[in-house]
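Listing of model_34.txt; format and content: compact mmCIF, C-alpha atoms and all ligand atoms.
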```txt
# COMPACT_ATOMS: atom_id res chain seq x y z
CA MET B 1437 0.00 0.00 0.00
CA ASN B 1438 1.33 3.45 -0.90
CA ARG B 1439 1.88 6.01 1.81
CA ILE B 1440 -0.59 8.89 1.77
CA PRO B 1441 1.53 11.91 0.83
CA TYR B 1442 0.74 15.52 1.53
CA SER B 1443 -0.51 16.50 -1.90
CA GLU B 1444 -2.29 13.41 -3.09
CA GLU B 1445 -5.98 13.45 -3.95
CA PHE B 1446 -7.56 12.50 -0.66
CA ASP B 1447 -10.92 10.86 -1.18
CA LEU B 1448 -11.67 8.49 1.67
CA SER B 1449 -15.28 7.90 0.64
CA VAL B 1450 -14.04 4.87 -1.29
CA VAL B 1451 -12.93 3.22 1.98
CA HIS B 1452 -15.77 1.22 3.52
CA ASP B 1453 -14.01 -0.67 6.27
CA LEU B 1454 -12.72 0.76 9.56
CA ASP B 1455 -9.73 -1.59 9.71
CA GLU B 1456 -8.76 -0.63 6.17
CA LEU B 1457 -9.04 3.05 7.11
CA ASN B 1458 -6.84 2.37 10.16
CA ASN B 1459 -4.22 0.64 8.00
CA MET B 1460 -4.22 3.55 5.57
CA ALA B 1461 -3.95 6.15 8.35
CA LYS B 1462 -0.95 4.35 9.81
CA LEU B 1463 0.92 5.17 6.59
CA CYS B 1464 -0.11 8.82 6.56
CA ILE B 1465 2.51 11.54 6.17
CA ARG B 1466 0.10 14.35 5.27
CA CYS B 1467 1.41 16.74 7.92
CA GLY B 1468 4.60 17.42 9.82
CA LEU B 1469 3.37 15.84 13.04
CA ARG B 1470 4.25 12.40 11.71
CA GLN B 1471 7.95 13.28 11.68
CA GLY B 1472 8.02 13.92 15.42
CA CYS B 1473 5.86 11.08 16.73
CA THR B 1474 6.32 7.36 17.24
CA GLY B 1475 3.25 6.39 15.26
CA VAL B 1476 -0.31 7.16 14.23
CA VAL B 1477 -2.90 6.69 17.00
CA PHE B 1478 -6.03 5.89 15.03
CA GLY B 1479 -8.59 5.20 17.78
CA GLU B 1480 -10.11 2.19 19.48
CA GLY B 1481 -13.16 0.83 21.20
CA ASN B 1482 -16.50 -0.65 20.29
CA ALA B 1483 -17.41 0.87 16.94
CA GLY B 1484 -20.93 -0.51 17.28
CA SER B 1485 -21.75 0.96 20.68
CA GLY B 1486 -23.39 4.10 19.35
CA LEU B 1487 -21.21 6.36 21.54
CA MET B 1488 -18.05 8.04 20.27
CA LEU B 1489 -15.68 10.25 22.28
CA ILE B 1490 -13.38 12.67 20.47
CA GLY B 1491 -10.40 14.38 22.06
CA GLU B 1492 -7.57 16.58 20.82
CA GLY B 1493 -4.56 14.42 19.98
CA PRO B 1494 -2.22 11.80 21.41
CA GLY B 1495 0.03 12.71 24.34
CA ALA B 1496 3.33 11.09 25.28
CA ASP B 1497 1.79 7.92 26.75
CA GLU B 1498 -0.62 7.56 23.85
CA ASP B 1499 2.20 8.03 21.35
CA ARG B 1500 4.35 5.43 23.12
CA LEU B 1501 1.57 2.84 23.33
CA GLY B 1502 -0.26 3.67 20.09
CA ARG B 1503 -3.59 3.98 21.89
CA PRO B 1504 -5.78 6.99 22.73
CA PHE B 1505 -6.42 8.22 26.28
CA VAL B 1506 -4.10 5.88 28.18
CA GLY B 1507 -2.25 8.48 30.31
CA LYS B 1508 -3.53 10.24 33.43
CA ALA B 1509 -6.29 11.99 31.50
CA GLY B 1510 -7.34 8.65 30.06
CA GLN B 1511 -7.49 7.05 33.49
CA LEU B 1512 -9.66 9.92 34.66
CA LEU B 1513 -11.89 9.45 31.63
CA ASP B 1514 -12.20 5.75 32.47
CA ASN B 1515 -13.28 6.71 36.00
CA ILE B 1516 -15.83 9.21 34.70
CA LEU B 1517 -17.28 6.56 32.39
CA GLN B 1518 -17.37 3.99 35.18
CA ALA B 1519 -19.22 6.48 37.38
CA ILE B 1520 -22.05 6.56 34.84
CA GLY B 1521 -21.99 2.79 34.41
CA LEU B 1522 -20.03 2.65 31.16
CA GLU B 1523 -16.86 0.75 30.31
CA ARG B 1524 -14.76 2.34 27.61
CA PHE B 1525 -14.08 -0.73 25.45
CA THR B 1526 -17.64 -2.01 25.70
CA HIS B 1527 -19.58 1.21 25.48
CA THR B 1528 -17.45 3.74 23.60
CA TYR B 1529 -15.16 4.30 20.65
CA ILE B 1530 -12.44 6.90 21.27
CA ALA B 1531 -10.50 8.94 18.71
CA ASN B 1532 -8.82 12.33 18.37
CA VAL B 1533 -8.83 15.34 16.04
CA VAL B 1534 -5.21 14.63 15.06
CA LYS B 1535 -3.74 11.13 15.06
CA CYS B 1536 -0.10 12.00 15.65
CA ARG B 1537 1.29 13.59 18.79
CA PRO B 1538 1.92 17.34 18.58
CA PRO B 1539 5.37 18.09 20.05
CA GLY B 1540 5.33 19.15 23.68
CA ASN B 1541 1.63 18.27 23.86
CA ARG B 1542 0.70 21.59 22.24
CA ALA B 1543 -2.68 21.92 20.55
CA PRO B 1544 -2.65 20.96 16.86
CA GLY B 1545 -2.44 23.88 14.46
CA PRO B 1546 -5.14 24.62 11.87
CA GLU B 1547 -3.11 23.19 8.97
CA GLU B 1548 -2.34 19.99 10.88
CA ALA B 1549 -5.98 19.59 11.85
CA MET B 1550 -7.15 20.31 8.30
CA GLN B 1551 -4.84 17.63 6.91
CA CYS B 1552 -5.91 15.08 9.52
CA LEU B 1553 -9.65 15.71 9.79
CA PRO B 1554 -10.57 13.67 6.68
CA TRP B 1555 -9.49 10.57 8.63
CA LEU B 1556 -11.75 11.46 11.55
CA HIS B 1557 -14.67 12.45 9.32
CA ARG B 1558 -14.55 9.11 7.51
CA GLN B 1559 -14.07 7.34 10.84
CA ILE B 1560 -17.27 8.97 12.09
CA GLU B 1561 -19.11 8.04 8.89
CA LEU B 1562 -18.06 4.39 9.15
CA ILE B 1563 -18.75 4.12 12.88
CA SER B 1564 -22.02 6.03 12.53
CA PRO B 1565 -22.41 6.90 16.22
CA ARG B 1566 -25.71 8.10 17.64
CA ILE B 1567 -23.96 10.21 20.29
CA ILE B 1568 -20.63 12.04 20.14
CA VAL B 1569 -18.94 13.60 23.16
CA LEU B 1570 -16.47 16.33 22.21
CA LEU B 1571 -13.73 16.52 24.83
CA GLY B 1572 -12.37 20.05 24.99
CA ASN B 1573 -11.97 23.17 22.91
CA THR B 1574 -9.94 21.62 20.08
CA ALA B 1575 -12.54 18.98 19.27
CA LEU B 1576 -15.33 21.55 19.56
CA GLN B 1577 -13.63 24.12 17.35
CA TYR B 1578 -12.47 21.77 14.58
CA LEU B 1579 -15.68 19.77 14.41
CA ILE B 1580 -18.35 22.39 15.12
CA ASP B 1581 -17.24 26.03 14.99
CA PRO B 1582 -13.74 27.59 15.06
CA SER B 1583 -15.04 30.46 17.17
CA ALA B 1584 -16.88 28.28 19.71
CA ARG B 1585 -15.69 28.15 23.31
CA ILE B 1586 -16.02 25.04 25.44
CA THR B 1587 -16.79 27.18 28.51
CA LYS B 1588 -19.94 28.45 26.77
CA MET B 1589 -20.97 25.38 24.78
CA ARG B 1590 -20.36 22.57 27.27
CA GLY B 1591 -23.41 20.87 28.69
CA HIS B 1592 -25.68 21.78 25.77
CA TRP B 1593 -26.75 19.20 23.20
CA LEU B 1594 -26.07 19.95 19.55
CA THR B 1595 -27.44 17.91 16.65
CA SER B 1596 -25.52 17.25 13.45
CA LYS B 1597 -27.13 17.35 9.99
CA SER B 1598 -27.19 13.56 10.06
CA GLY B 1599 -28.96 13.53 13.43
CA ILE B 1600 -26.03 12.69 15.72
CA LYS B 1601 -26.49 14.13 19.21
CA ILE B 1602 -23.32 15.94 20.22
CA MET B 1603 -22.32 16.89 23.77
CA PRO B 1604 -19.33 19.19 24.24
CA THR B 1605 -17.60 19.02 27.61
CA TYR B 1606 -14.21 19.72 29.12
CA HIS B 1607 -11.23 17.55 28.22
CA PRO B 1608 -10.21 15.28 31.14
CA ALA B 1609 -6.75 16.91 31.06
CA ALA B 1610 -8.45 20.21 31.95
CA LEU B 1611 -9.92 18.52 35.02
CA LEU B 1612 -6.48 17.42 36.11
CA ARG B 1613 -5.41 21.08 36.04
CA ASP B 1614 -8.60 22.50 37.57
CA MET B 1615 -10.77 20.28 39.72
CA SER B 1616 -13.55 22.91 39.79
CA LYS B 1617 -14.44 21.52 36.34
CA LYS B 1618 -15.25 18.16 37.88
CA ARG B 1619 -18.86 18.99 38.70
CA PRO B 1620 -19.81 20.37 35.25
CA VAL B 1621 -18.19 17.37 33.57
CA TRP B 1622 -20.11 15.06 35.88
CA GLU B 1623 -23.34 16.85 34.94
CA ASP B 1624 -22.50 16.64 31.22
CA PHE B 1625 -21.79 12.92 31.39
CA GLN B 1626 -25.02 12.37 33.32
CA LYS B 1627 -26.81 13.80 30.28
CA VAL B 1628 -24.79 11.52 28.02
CA SER B 1629 -25.72 8.55 30.19
CA GLU B 1630 -29.43 9.38 29.98
CA GLU B 1631 -29.22 9.63 26.21
CA PHE B 1632 -27.14 6.46 25.93
CA LYS B 1633 -29.79 4.51 27.84
CA LYS B 1634 -32.28 5.42 25.10
CA LEU B 1635 -30.19 3.73 22.37
S1 LIG B 1701 -1.49 13.98 12.25
FE1 LIG B 1701 -2.94 13.10 10.83
S2 LIG B 1701 -2.54 14.13 8.84
FE2 LIG B 1701 -0.74 14.43 10.16
S3 LIG B 1701 0.61 12.73 9.58
FE3 LIG B 1701 -0.58 12.08 11.41
S4 LIG B 1701 -2.33 10.97 10.57
FE4 LIG B 1701 -1.45 12.16 8.89
```
Turn this file's structure into structure tokens for me.
Amino acid sequence: MNRIPYSEEFDLSVVHDLDELNNMAKLCIRCGLRQGCTGVVFGEGNAGSGLMLIGEGPGADEDRLGRPFVGKAGQLLDNILQAIGLERFTHTYIANVVKCRPPGNRAPGPEEAMQCLPWLHRQIELISPRIIVLLGNTALQYLIDPSARITKMRGHWLTSKSGIKIMPTYHPAALLRDMSKKRPVWEDFQKVSEEFKKL
């Protein structure tokens, strides 16, 4: 399989299998992030659960292990999910806006996100979730509105054109820095839980 270079025509609508998309993404060199990371972190979980969580990008632990949300923020996310009766591998599929680690854990830049988003968009199409939880500003801004702020939008349901219910909330890493965000995140995930029970 050829690597996906920066300038190549990039039509992923012809890919109809999540594993095939994963294999293609692993070869991606569409942006500079790939040069500084260990590997592409595609995403994982139960693609048939109906619930998808989307974060910002891999951190150091995620880059090392090739899996999303496995560091401290990931452990906190696991705890949050457990508190509402969900187990991440059974009840969720988790991915990020960019699939390669930005150096120093900085937020991905607009060009990096633009190059990477086709992977996530096709991932969403193939998984076809009924509910998406956007974890943090980066996911909110690149998937909904570049001018949106998580502080204003969190806790309020949005609905995509295709009918997906979308809940923005704080990224678990933000909770690690500021525990005052714990209560609003708890309230947001309670809403997610109620909606998930309807699936
Ligand atoms: S971040 Fe995304 S677009 Fe950039 S190289 Fe990695 S997979 Fe490709």
Using all atoms listed in the file, which residues of region 1456-1479 of chain B come within 10 Å of region 1519-1532 of chain B, and what is the closest atom pair for each, with the distance in Å to one decimal? Give it as CSV, sorted by chain and residue number.
```
residue,atom,partner,partner_atom,distance
B:Val1477,CA,B:Ala1531,CA,8.1
B:Phe1478,CA,B:Ala1531,CA,6.5
B:Gly1479,CA,B:Ala1531,CA,4.3
```
Atoms kept (C-alpha atoms) for selection, written as a PDB file, in the coordinates of the input:
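Resulting contents of result-v3.pdb:
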```
ATOM      1  CA  VAL B1477      -2.900   6.690  17.000  1.00  0.00           C
ATOM      2  CA  PHE B1478      -6.030   5.890  15.030  1.00  0.00           C
ATOM      3  CA  GLY B1479      -8.590   5.200  17.780  1.00  0.00           C
TER       4      GLY B1479
END
```
- prompt: What would the list of residues within 12 Å of (-13.7, 7.6, 30.5) (file frame) look like as a PyMOL selection string, if only C-alpha atoms are what count?
  reply: chain B and resi 1481+1487-1491+1504-1530+1569+1571+1607-1609+1621-1622+1625
Considering all atoms listed in the file, tabulate each residue of chain B that lies at most 10 Å from ligand LIG 1701 (chain B) along with its nearest interatomic pair and the corresponding distance in Å to one decimal; arrange the rows by chain and ascending residue number and present them as a Markdown table.
```
| residue | atom | partner | partner_atom | distance |
| --- | --- | --- | --- | --- |
| B:Arg1439 | CA | B:LIG1701 | FE4 | 10.0 |
| B:Ile1440 | CA | B:LIG1701 | FE4 | 7.9 |
| B:Pro1441 | CA | B:LIG1701 | FE4 | 8.6 |
| B:Tyr1442 | CA | B:LIG1701 | S2 | 8.1 |
| B:Asn1458 | CA | B:LIG1701 | S4 | 9.7 |
| B:Met1460 | CA | B:LIG1701 | S4 | 9.1 |
| B:Ala1461 | CA | B:LIG1701 | S4 | 5.5 |
| B:Lys1462 | CA | B:LIG1701 | S4 | 6.8 |
| B:Leu1463 | CA | B:LIG1701 | FE4 | 7.7 |
| B:Cys1464 | CA | B:LIG1701 | FE4 | 4.3 |
| B:Ile1465 | CA | B:LIG1701 | S3 | 4.1 |
| B:Arg1466 | CA | B:LIG1701 | S2 | 4.4 |
| B:Cys1467 | CA | B:LIG1701 | FE2 | 3.9 |
| B:Gly1468 | CA | B:LIG1701 | FE2 | 6.1 |
| B:Leu1469 | CA | B:LIG1701 | FE2 | 5.2 |
| B:Arg1470 | CA | B:LIG1701 | S3 | 4.2 |
| B:Gln1471 | CA | B:LIG1701 | S3 | 7.7 |
| B:Gly1472 | CA | B:LIG1701 | S3 | 9.5 |
| B:Cys1473 | CA | B:LIG1701 | FE3 | 8.4 |
| B:Gly1475 | CA | B:LIG1701 | FE3 | 7.9 |
| B:Val1476 | CA | B:LIG1701 | S4 | 5.7 |
| B:Val1477 | CA | B:LIG1701 | S4 | 7.7 |
| B:Phe1478 | CA | B:LIG1701 | S4 | 7.7 |
| B:Gly1493 | CA | B:LIG1701 | S1 | 8.3 |
| B:Pro1494 | CA | B:LIG1701 | S1 | 9.4 |
| B:Asn1532 | CA | B:LIG1701 | FE1 | 9.6 |
| B:Val1533 | CA | B:LIG1701 | FE1 | 8.2 |
| B:Val1534 | CA | B:LIG1701 | S1 | 4.7 |
| B:Lys1535 | CA | B:LIG1701 | S1 | 4.6 |
| B:Cys1536 | CA | B:LIG1701 | S1 | 4.2 |
| B:Arg1537 | CA | B:LIG1701 | S1 | 7.1 |
| B:Pro1538 | CA | B:LIG1701 | S1 | 7.9 |
| B:Pro1544 | CA | B:LIG1701 | S1 | 8.4 |
| B:Glu1547 | CA | B:LIG1701 | S2 | 9.1 |
| B:Glu1548 | CA | B:LIG1701 | FE2 | 5.8 |
| B:Ala1549 | CA | B:LIG1701 | S2 | 7.1 |
| B:Met1550 | CA | B:LIG1701 | S2 | 7.7 |
| B:Gln1551 | CA | B:LIG1701 | S2 | 4.6 |
| B:Cys1552 | CA | B:LIG1701 | S2 | 3.6 |
| B:Leu1553 | CA | B:LIG1701 | FE1 | 7.3 |
| B:Pro1554 | CA | B:LIG1701 | S2 | 8.3 |
| B:Trp1555 | CA | B:LIG1701 | FE1 | 7.4 |
| B:Leu1556 | CA | B:LIG1701 | FE1 | 9.0 |
```
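Taking CA of Tyr1578 (chain B) and CA of Tyr1606 (chain B) as the two end points, the separation is 14.8 Å.
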query: Excluding same-chain residues fewer than 2 positions from Pro1565 (chain B), what lies within 8 Å of it counting only C-alpha atoms, as a ChimeraX atom specification?
result: /B:1483-1488,1560,1563,1567-1568,1600
task: Counting all atoms listed in the file, note down every residue that has an atom within 12 Å of the point (-28.2, 13.5, 14.7) (file coordinates), as a ChimeraX atom specification.
output: /B:1486,1564-1568,1593-1603
6 Å contact set for Gly1495 (chain B), only C-alpha atoms, chain neighbours under 2 positions out, as a ChimeraX atom specification: /B:1497-1499,1537,1541
- line: Shortest contact to Arg1542 (chain B), candidates B:Glu1630, B:Glu1492, B:Glu1561, B:Asp1581, atoms counted all atoms listed in the file, goes to B:Glu1492
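For the atom pair formed by CA of Ile1586 (chain B) and CA of Asn1573 (chain B), the distance is 5.1 Å, given to one decimal.
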field: Distance in Å - CA of Met1589 (chain B) versus CA of Ser1616 (chain B)
entry: 16.9 Å
For region 1497-1502 of chain B, take all atoms listed in the file, fit an axis-aligned box around them, add 5 Å to each of the six sides, then output centre and edge lengths in Å rounded to one decimal, as AutoDock Vina command-line options.
```
--center_x 1.9 --center_y 5.4 --center_z 23.4 --size_x 15.0 --size_y 15.2 --size_z 16.7
```
task: Using only C-alpha atoms, find the one residue out of B:His1592, B:Asn1459, B:Arg1503, B:Arg1558 that sits nearest to Phe1446 (chain B).
output: B:Arg1558
